[in-house]
$ cat input_2.txt   # compact mmCIF, C-alpha atoms and all ligand atoms
# COMPACT_ATOMS: atom_id res chain seq x y z
CA MET H 1 -90.58 36.47 -72.61
CA ARG H 2 -89.10 36.80 -69.14
CA GLU H 3 -85.78 35.05 -69.95
CA LEU H 4 -85.05 37.37 -72.88
CA GLU H 5 -86.01 40.49 -70.90
CA GLU H 6 -83.67 39.49 -68.10
CA ARG H 7 -80.77 38.99 -70.51
CA ILE H 8 -81.44 42.39 -72.08
CA ARG H 9 -81.53 44.02 -68.61
CA ARG H 10 -78.31 42.32 -67.57
CA GLU H 11 -76.24 42.46 -70.75
CA GLY H 12 -77.86 44.95 -73.12
CA ILE H 13 -76.01 48.21 -73.79
CA VAL H 14 -77.86 51.32 -74.91
CA GLU H 15 -75.97 53.35 -77.53
CA ASN H 16 -76.81 56.77 -78.95
CA GLY H 17 -80.20 56.69 -77.22
CA ASP H 18 -81.98 54.41 -79.69
CA VAL H 19 -79.64 51.50 -80.50
CA LEU H 20 -79.53 48.52 -78.16
CA LYS H 21 -76.43 46.34 -78.37
CA VAL H 22 -77.05 42.71 -77.50
CA ASP H 23 -73.73 41.41 -78.80
CA ALA H 24 -73.18 39.21 -75.74
CA PHE H 25 -76.02 36.77 -76.56
CA LEU H 26 -77.68 37.59 -79.87
CA ASN H 27 -75.76 39.64 -82.44
CA HIS H 28 -72.15 38.53 -82.06
CA GLN H 29 -71.75 35.85 -79.42
CA MET H 30 -74.91 33.75 -79.71
CA ASP H 31 -76.62 31.89 -76.85
CA VAL H 32 -78.26 29.03 -78.73
CA GLY H 33 -79.98 27.77 -75.58
CA LEU H 34 -81.77 31.11 -75.37
CA PHE H 35 -82.50 30.90 -79.14
CA ALA H 36 -84.09 27.48 -78.58
CA ALA H 37 -86.38 28.90 -75.88
CA MET H 38 -87.33 31.73 -78.27
CA GLY H 39 -88.00 29.25 -81.07
CA LYS H 40 -90.25 27.21 -78.78
CA GLU H 41 -92.20 30.32 -77.84
CA TRP H 42 -92.82 31.27 -81.50
CA ALA H 43 -93.77 27.65 -82.24
CA ARG H 44 -96.33 27.85 -79.42
CA LEU H 45 -97.68 31.22 -80.57
CA PHE H 46 -97.97 30.22 -84.24
CA ALA H 47 -99.05 26.59 -83.69
CA GLY H 48 -101.76 25.48 -86.10
CA GLU H 49 -101.01 28.24 -88.61
CA GLY H 50 -99.52 25.87 -91.18
CA VAL H 51 -96.14 27.61 -91.34
CA ASN H 52 -94.10 25.81 -94.03
CA LYS H 53 -91.12 28.17 -94.30
CA VAL H 54 -89.27 30.79 -92.28
CA LEU H 55 -88.10 33.94 -94.06
CA THR H 56 -85.50 36.26 -92.57
CA ILE H 57 -83.03 38.90 -93.72
CA GLU H 58 -79.23 38.81 -93.81
CA ALA H 59 -77.38 38.85 -91.54
CA SER H 60 -78.37 39.10 -87.89
CA GLY H 61 -81.74 37.34 -88.18
CA ILE H 62 -80.27 34.15 -89.58
CA GLY H 63 -79.19 32.50 -86.30
CA ILE H 64 -82.53 32.87 -84.51
CA ALA H 65 -84.42 32.01 -87.72
CA CYS H 66 -82.53 28.71 -88.04
CA ILE H 67 -83.29 27.62 -84.50
CA ALA H 68 -86.93 28.72 -84.83
CA ALA H 69 -87.27 26.80 -88.10
CA GLN H 70 -86.00 23.69 -86.38
CA GLU H 71 -88.91 23.96 -83.92
CA PHE H 72 -91.38 24.15 -86.83
CA GLY H 73 -89.53 21.47 -88.84
CA VAL H 74 -89.38 23.73 -91.91
CA PRO H 75 -86.62 25.30 -94.05
CA VAL H 76 -85.27 28.84 -93.66
CA VAL H 77 -84.76 31.26 -96.53
CA PHE H 78 -82.74 34.37 -95.89
CA ALA H 79 -83.13 37.43 -98.11
CA LYS H 80 -79.67 38.39 -99.34
CA LYS H 81 -78.22 41.87 -99.44
CA SER H 82 -76.99 42.01 -103.03
CA ARG H 83 -73.71 43.68 -103.91
CA THR H 84 -74.18 43.44 -107.68
CA LYS H 85 -76.05 46.14 -109.61
CA ASN H 86 -77.13 43.87 -112.49
CA ILE H 87 -79.48 41.41 -110.91
CA ALA H 88 -80.86 38.62 -113.10
CA GLY H 89 -84.63 38.33 -113.49
CA ASP H 90 -85.00 35.14 -111.51
CA VAL H 91 -85.19 36.93 -108.16
CA TYR H 92 -87.68 38.98 -106.18
CA LYS H 93 -86.09 42.19 -104.98
CA VAL H 94 -86.78 45.16 -102.73
CA GLU H 95 -84.89 48.21 -101.44
CA VAL H 96 -84.43 48.26 -97.66
CA PRO H 97 -82.99 51.23 -95.73
CA SER H 98 -80.70 50.10 -92.90
CA PHE H 99 -81.47 51.29 -89.38
CA THR H 100 -78.03 50.60 -87.93
CA HIS H 101 -75.71 51.31 -90.85
CA GLY H 102 -77.59 53.98 -92.84
CA GLY H 103 -77.82 53.64 -96.62
CA VAL H 104 -80.11 51.40 -98.63
CA SER H 105 -79.55 47.74 -99.58
CA THR H 106 -81.04 45.88 -102.50
CA VAL H 107 -82.36 42.69 -100.97
CA ILE H 108 -83.13 39.64 -103.10
CA VAL H 109 -84.61 36.17 -102.85
CA SER H 110 -84.47 33.59 -105.63
CA LYS H 111 -87.90 32.91 -107.15
CA ARG H 112 -87.13 29.21 -106.64
CA PHE H 113 -87.39 29.57 -102.87
CA LEU H 114 -90.54 31.69 -102.41
CA LEU H 115 -93.71 30.14 -103.81
CA PRO H 116 -97.39 31.16 -103.96
CA THR H 117 -98.19 28.09 -101.87
CA ASP H 118 -95.91 29.22 -99.02
CA ARG H 119 -97.21 30.16 -95.57
CA LEU H 120 -94.36 32.24 -94.20
CA LEU H 121 -93.24 33.10 -90.70
CA LEU H 122 -91.01 36.17 -90.88
CA ILE H 123 -88.26 36.31 -88.24
CA ASP H 124 -85.92 39.15 -87.33
CA ASP H 125 -83.84 40.17 -84.35
CA PHE H 126 -85.07 43.78 -84.00
CA LEU H 127 -88.09 45.82 -84.99
CA ALA H 128 -87.44 49.57 -85.03
CA ASN H 129 -88.92 51.64 -87.87
CA GLY H 130 -90.16 48.52 -89.65
CA ALA H 131 -88.20 48.82 -92.91
CA ALA H 132 -86.60 45.36 -92.72
CA LEU H 133 -89.93 43.66 -91.94
CA GLU H 134 -91.73 45.67 -94.63
CA GLY H 135 -89.05 44.52 -97.09
CA LEU H 136 -89.73 40.88 -96.21
CA ILE H 137 -93.49 41.46 -96.53
CA ALA H 138 -92.93 43.03 -99.98
CA LEU H 139 -90.88 39.99 -101.10
CA ALA H 140 -93.65 37.65 -99.89
CA GLU H 141 -96.25 39.74 -101.76
CA GLN H 142 -94.19 39.55 -104.97
CA ALA H 143 -94.20 35.75 -104.66
CA GLY H 144 -97.92 35.62 -103.83
CA ALA H 145 -97.06 33.85 -100.57
CA VAL H 146 -99.12 34.17 -97.38
CA VAL H 147 -97.51 35.90 -94.39
CA VAL H 148 -98.76 34.08 -91.31
CA GLY H 149 -97.02 36.59 -89.07
CA ALA H 150 -93.72 37.93 -87.80
CA GLY H 151 -91.65 36.70 -84.87
CA ILE H 152 -89.41 39.43 -83.51
CA ALA H 153 -86.88 39.04 -80.72
CA VAL H 154 -86.71 42.68 -79.57
CA GLU H 155 -89.27 45.32 -80.51
CA LYS H 156 -88.41 48.89 -79.63
CA ALA H 157 -92.02 49.87 -79.06
CA PHE H 158 -91.12 53.57 -78.82
CA GLN H 159 -90.28 53.48 -82.54
CA PRO H 160 -93.08 53.34 -85.10
CA GLY H 161 -92.48 50.05 -86.97
CA GLY H 162 -94.55 47.71 -84.80
CA GLU H 163 -97.67 49.85 -84.90
CA ARG H 164 -97.37 50.47 -88.65
CA ILE H 165 -97.03 46.79 -89.49
CA ARG H 166 -99.81 45.66 -87.14
CA GLN H 167 -102.06 48.31 -88.76
CA LYS H 168 -101.47 46.54 -92.08
CA GLY H 169 -103.06 43.47 -90.51
CA VAL H 170 -99.84 41.51 -90.01
CA ARG H 171 -99.62 39.59 -86.73
CA VAL H 172 -96.41 40.61 -84.94
CA GLU H 173 -95.23 38.58 -81.93
CA SER H 174 -92.31 40.26 -80.19
CA LEU H 175 -90.69 38.36 -77.33
CA ALA H 176 -89.41 41.53 -75.63
CA ARG H 177 -91.04 44.92 -76.14
CA ILE H 178 -89.07 47.90 -74.92
CA ARG H 179 -91.13 50.88 -73.84
CA SER H 180 -88.19 53.17 -73.18
CA MET H 181 -84.45 52.94 -72.75
CA GLU H 182 -81.48 54.99 -71.67
CA ALA H 183 -78.03 53.98 -70.45
CA GLY H 184 -78.46 51.71 -67.43
CA ARG H 185 -82.28 51.78 -67.54
CA ILE H 186 -84.45 49.69 -69.85
CA GLU H 187 -88.24 49.55 -69.35
CA PHE H 188 -90.39 46.85 -70.93
CA CYS H 189 -94.05 47.17 -71.97
P1 LIG H 201 -86.02 48.60 -88.87
O1 LIG H 201 -85.86 48.18 -90.31
O2 LIG H 201 -87.25 48.03 -88.21
O3 LIG H 201 -85.91 50.09 -88.68
O4 LIG H 201 -84.76 48.01 -88.08
C1 LIG H 201 -84.64 46.63 -87.97
C2 LIG H 201 -83.29 46.16 -88.38
O5 LIG H 201 -82.27 47.06 -87.97
C3 LIG H 201 -83.00 44.82 -87.75
O6 LIG H 201 -82.84 43.86 -88.77
C4 LIG H 201 -81.71 45.01 -86.97
O7 LIG H 201 -80.65 44.32 -87.60
C5 LIG H 201 -81.41 46.48 -87.01
N1 LIG H 201 -81.69 47.16 -85.73
C6 LIG H 201 -82.64 48.10 -85.51
N2 LIG H 201 -82.56 48.58 -84.27
C7 LIG H 201 -81.55 47.93 -83.68
C8 LIG H 201 -80.98 47.99 -82.35
O8 LIG H 201 -81.38 48.76 -81.47
N3 LIG H 201 -79.94 47.15 -82.10
C9 LIG H 201 -79.46 46.27 -83.03
N4 LIG H 201 -78.44 45.47 -82.67
N5 LIG H 201 -79.97 46.20 -84.29
C10 LIG H 201 -80.99 47.01 -84.60
$ encode --input "input_2.txt" --output "structure tokens"
Amino acid sequence: MRELEERIRREGIVENGDVLKVDAFLNHQMDVGLFAAMGKEWARLFAGEGVNKVLTIEASGIGIACIAAQEFGVPVVFAKKSRTKNIAGDVYKVEVPSFTHGGVSTVIVSKRFLLPTDRLLLIDDFLANGAALEGLIALAEQAGAVVVGAGIAVEKAFQPGGERIRQKGVRVESLARIRSMEAGRIEFC
């Protein structure tokens, strides 16, 4: 998506070689006009797929997931990073390693909000090694829900997540795919 690529070129900051900061419009300050354009694009791409729910992961996916869900006219569920060790049995849970912070989070969703009848669109801000998306896919599998596909804002195509998840047969639609990046120079696929 041209508009997103231009914002990344103009305002994205490359850190430590493989982390892109997009705090100016996506991860800290949020440009909801841009989010609306992204939501419309996912709604166009996944039209006719019977999406009845959007599933994302705390925290940075929530903003774009909400605006996307509005385009589909469906609710959003966000998988929560749990801080408690003793988790009651009424949740689906999965361990997700964090790309940006290191460490592993236990991520949960209440069984009340993921159903076998669901047709889920997974949404996240970034796709790097694929752990966050694989965590959401695992939660959907536990619920017996169908994953219609994944809408990603920024895929770092030089990292292996996108290829791994597409090889599993999951449709991944990334609005910006970065082929390579270094300070002051970002190339898109
Ligand atoms: P993965 O699990 O695919 O390795 O990484 C995806 C998750 O890590 C996303 O939910 C996102 O929050 C975070 N992430 C990965 N790479 C980046 C990056 O370059 N910049 C930012 N801001 N977040 C990233």
$ closest_residue --input "input_2.txt" --among "H:Glu6, H:Asp125, H:Glu49, H:Glu71" --to "Asp23 in chain H" --atoms "all atoms listed in the file"
H:Asp125
$ closest_residue --input "input_2.txt" --among "H:Trp42, H:Phe188, H:Phe25, H:Phe35" --to "ligand LIG 201 (chain H)" --atoms "only C-alpha atoms and all ligand atoms"
H:Phe25
$ residues_around --input "input_2.txt" --residues "Leu34 in chain H" --least-positions-apart "2" --cutoff "10 Å" --atoms "all atoms listed in the file" --output "ChimeraX atom specification"
/H:3-4,7,25-26,30-32,36-40,64,67
$ residues_near_ligand --input "input_2.txt" --ligand "ligand LIG 201 (chain H)" --cutoff "10 Å" --atoms "only C-alpha atoms and all ligand atoms" --output "ChimeraX atom specification"
/H:12-23,26-28,56-61,96-102,123-135,152-156,159-162,165
$ closest_residue --input "input_2.txt" --among "H:Lys53, H:Arg185, H:Arg44, H:Arg119" --to "Glu11 in chain H" --atoms "only C-alpha atoms"
H:Arg185
$ atom_distance --input "input_2.txt" --atom1 "CA of Gly33 in chain H" --atom2 "CA of Ala69 in chain H"
14.5 Å
$ atom_distance --input "input_2.txt" --atom1 "CA of Ala43 in chain H" --atom2 "CA of Ala65 in chain H"
11.7 Å
$ axis_aligned_box --input "input_2.txt" --around "range 63-74 of chain H" --padding-each-side "3 Å" --output "lines of an AutoDock Vina configuration file"
center_x = -85.3
center_y = 27.2
center_z = -87.9
size_x = 18.2
size_y = 17.4
size_z = 14.0
$ residues_around --input "input_2.txt" --residues "Asn52 in chain H" --least-positions-apart "4" --cutoff "8 Å" --atoms "all atoms listed in the file" --output "list in words"
Phe72, Val74, Pro75, Asp118, Arg119 and Leu120 of chain H
$ atom_distance --input "input_2.txt" --atom1 "CA of Ala47 in chain H" --atom2 "CA of Gly73 in chain H"
12.0 Å
$ closest_residue --input "input_2.txt" --among "H:Gly144, H:Gly89, H:Gly149, H:Gly48" --to "Val172 in chain H" --atoms "all atoms listed in the file"
H:Gly149
$ closest_residue --input "input_2.txt" --among "H:Leu175, H:Leu114, H:Ala24, H:Cys66" --to "Val146 in chain H" --atoms "all atoms listed in the file"
H:Leu114
$ residues_around --input "input_2.txt" --residues "Ile108 in chain H" --least-positions-apart "6" --cutoff "6 Å" --atoms "all atoms listed in the file" --output "PDB file with C-alpha atoms, in the coordinates of the input"
ATOM      1  CA  ALA H  79     -83.130  37.430 -98.110  1.00  0.00           C
ATOM      2  CA  LYS H  80     -79.670  38.390 -99.340  1.00  0.00           C
ATOM      3  CA  TYR H  92     -87.680  38.980-106.180  1.00  0.00           C
ATOM      4  CA  LYS H  93     -86.090  42.190-104.980  1.00  0.00           C
TER       5      LYS H  93
END
$ closest_residue --input "input_2.txt" --among "H:Glu41, H:Arg10, H:Leu122, H:Leu139" --to "Ile62 in chain H" --atoms "only C-alpha atoms"
H:Leu122
$ residues_around --input "input_2.txt" --residues "Ser180 in chain H" --least-positions-apart "5" --cutoff "7 Å" --atoms "only C-alpha atoms" --output "count of residues only"
3
$ decode --input "input_2.txt" --residues "range 4-39 of chain H" --atoms "N, CA and C atoms" --output "mmCIF file, in the first residue's frame"
data_model
loop_
_atom_site.group_PDB
_atom_site.id
_atom_site.type_symbol
_atom_site.label_atom_id
_atom_site.label_comp_id
_atom_site.auth_asym_id
_atom_site.auth_seq_id
_atom_site.Cartn_x
_atom_site.Cartn_y
_atom_site.Cartn_z
ATOM 1 N N LEU H 4 1.150 3.728 3.046
ATOM 2 C CA LEU H 4 1.890 3.203 4.201
ATOM 3 C C LEU H 4 3.397 3.187 3.912
ATOM 4 N N GLU H 5 3.763 2.765 2.699
ATOM 5 C CA GLU H 5 5.190 2.747 2.336
ATOM 6 C C GLU H 5 5.796 4.145 2.428
ATOM 7 N N GLU H 6 5.034 5.125 1.955
ATOM 8 C CA GLU H 6 5.566 6.499 1.990
ATOM 9 C C GLU H 6 5.776 6.980 3.423
ATOM 10 N N ARG H 7 4.829 6.646 4.306
ATOM 11 C CA ARG H 7 4.985 7.046 5.712
ATOM 12 C C ARG H 7 6.204 6.375 6.334
ATOM 13 N N ILE H 8 6.400 5.096 6.002
ATOM 14 C CA ILE H 8 7.550 4.366 6.547
ATOM 15 C C ILE H 8 8.848 5.016 6.053
ATOM 16 N N ARG H 9 8.889 5.342 4.753
ATOM 17 C CA ARG H 9 10.083 5.994 4.170
ATOM 18 C C ARG H 9 10.375 7.317 4.853
ATOM 19 N N ARG H 10 9.304 8.070 5.092
ATOM 20 C CA ARG H 10 9.462 9.431 5.633
ATOM 21 C C ARG H 10 9.752 9.436 7.127
ATOM 22 N N GLU H 11 9.055 8.561 7.883
ATOM 23 C CA GLU H 11 9.072 8.687 9.341
ATOM 24 C C GLU H 11 9.600 7.461 10.072
ATOM 25 N N GLY H 12 9.850 6.375 9.345
ATOM 26 C CA GLY H 12 10.361 5.168 9.990
ATOM 27 C C GLY H 12 11.824 5.334 10.375
ATOM 28 N N ILE H 13 12.190 4.746 11.522
ATOM 29 C CA ILE H 13 13.581 4.817 11.990
ATOM 30 C C ILE H 13 14.092 3.398 12.190
ATOM 31 N N VAL H 14 15.206 3.092 11.539
ATOM 32 C CA VAL H 14 15.777 1.748 11.650
ATOM 33 C C VAL H 14 16.699 1.704 12.858
ATOM 34 N N GLU H 15 16.466 0.721 13.733
ATOM 35 C CA GLU H 15 17.278 0.584 14.956
ATOM 36 C C GLU H 15 17.916 -0.800 14.999
ATOM 37 N N ASN H 16 19.138 -0.863 15.399
ATOM 38 C CA ASN H 16 19.872 -2.128 15.563
ATOM 39 C C ASN H 16 19.794 -3.025 14.334
ATOM 40 N N GLY H 17 19.624 -2.431 13.160
ATOM 41 C CA GLY H 17 19.618 -3.231 11.926
ATOM 42 C C GLY H 17 18.303 -3.911 11.604
ATOM 43 N N ASP H 18 17.595 -4.463 12.603
ATOM 44 C CA ASP H 18 16.399 -5.236 12.234
ATOM 45 C C ASP H 18 15.123 -4.817 12.958
ATOM 46 N N VAL H 19 15.149 -3.690 13.671
ATOM 47 C CA VAL H 19 13.919 -3.166 14.285
ATOM 48 C C VAL H 19 13.580 -1.832 13.635
ATOM 49 N N LEU H 20 12.331 -1.753 13.146
ATOM 50 C CA LEU H 20 11.862 -0.506 12.539
ATOM 51 C C LEU H 20 10.943 0.188 13.533
ATOM 52 N N LYS H 21 11.279 1.434 13.867
ATOM 53 C CA LYS H 21 10.400 2.207 14.757
ATOM 54 C C LYS H 21 9.442 3.024 13.909
ATOM 55 N N VAL H 22 8.156 2.849 14.187
ATOM 56 C CA VAL H 22 7.145 3.643 13.482
ATOM 57 C C VAL H 22 6.251 4.315 14.523
ATOM 58 N N ASP H 23 6.925 4.838 15.547
ATOM 59 C CA ASP H 23 6.222 5.476 16.672
ATOM 60 C C ASP H 23 5.435 6.721 16.277
ATOM 61 N N ALA H 24 5.816 7.347 15.159
ATOM 62 C CA ALA H 24 5.191 8.620 14.791
ATOM 63 C C ALA H 24 3.786 8.448 14.240
ATOM 64 N N PHE H 25 3.447 7.219 13.764
ATOM 65 C CA PHE H 25 2.095 7.055 13.181
ATOM 66 C C PHE H 25 1.431 5.730 13.500
ATOM 67 N N LEU H 26 2.153 4.800 14.147
ATOM 68 C CA LEU H 26 1.536 3.489 14.351
ATOM 69 C C LEU H 26 1.664 2.967 15.782
ATOM 70 N N ASN H 27 2.853 3.047 16.367
ATOM 71 C CA ASN H 27 3.080 2.369 17.646
ATOM 72 C C ASN H 27 3.039 3.255 18.886
ATOM 73 N N HIS H 28 2.934 4.558 18.700
ATOM 74 C CA HIS H 28 2.896 5.419 19.890
ATOM 75 C C HIS H 28 1.882 6.523 19.599
ATOM 76 N N GLN H 29 2.277 7.494 18.766
ATOM 77 C CA GLN H 29 1.260 8.361 18.161
ATOM 78 C C GLN H 29 0.598 7.543 17.050
ATOM 79 N N MET H 30 -0.738 7.640 16.951
ATOM 80 C CA MET H 30 -1.437 6.807 15.969
ATOM 81 C C MET H 30 -2.216 7.665 14.985
ATOM 82 N N ASP H 31 -1.962 7.462 13.687
ATOM 83 C CA ASP H 31 -2.670 8.187 12.638
ATOM 84 C C ASP H 31 -3.901 7.368 12.247
ATOM 85 N N VAL H 32 -5.051 7.715 12.826
ATOM 86 C CA VAL H 32 -6.232 6.876 12.595
ATOM 87 C C VAL H 32 -6.777 7.021 11.174
ATOM 88 N N GLY H 33 -6.449 8.107 10.497
ATOM 89 C CA GLY H 33 -6.824 8.231 9.088
ATOM 90 C C GLY H 33 -6.084 7.187 8.254
ATOM 91 N N LEU H 34 -4.803 7.032 8.546
ATOM 92 C CA LEU H 34 -4.019 5.988 7.878
ATOM 93 C C LEU H 34 -4.572 4.607 8.244
ATOM 94 N N PHE H 35 -4.911 4.409 9.528
ATOM 95 C CA PHE H 35 -5.477 3.112 9.966
ATOM 96 C C PHE H 35 -6.749 2.807 9.177
ATOM 97 N N ALA H 36 -7.574 3.844 8.941
ATOM 98 C CA ALA H 36 -8.833 3.624 8.219
ATOM 99 C C ALA H 36 -8.547 3.160 6.789
ATOM 100 N N ALA H 37 -7.538 3.770 6.161
ATOM 101 C CA ALA H 37 -7.170 3.353 4.797
ATOM 102 C C ALA H 37 -6.671 1.904 4.809
ATOM 103 N N MET H 38 -5.916 1.541 5.845
ATOM 104 C CA MET H 38 -5.433 0.155 5.966
ATOM 105 C C MET H 38 -6.607 -0.803 6.170
ATOM 106 N N GLY H 39 -7.538 -0.403 7.024
ATOM 107 C CA GLY H 39 -8.716 -1.244 7.279
ATOM 108 C C GLY H 39 -9.517 -1.476 6.006
#
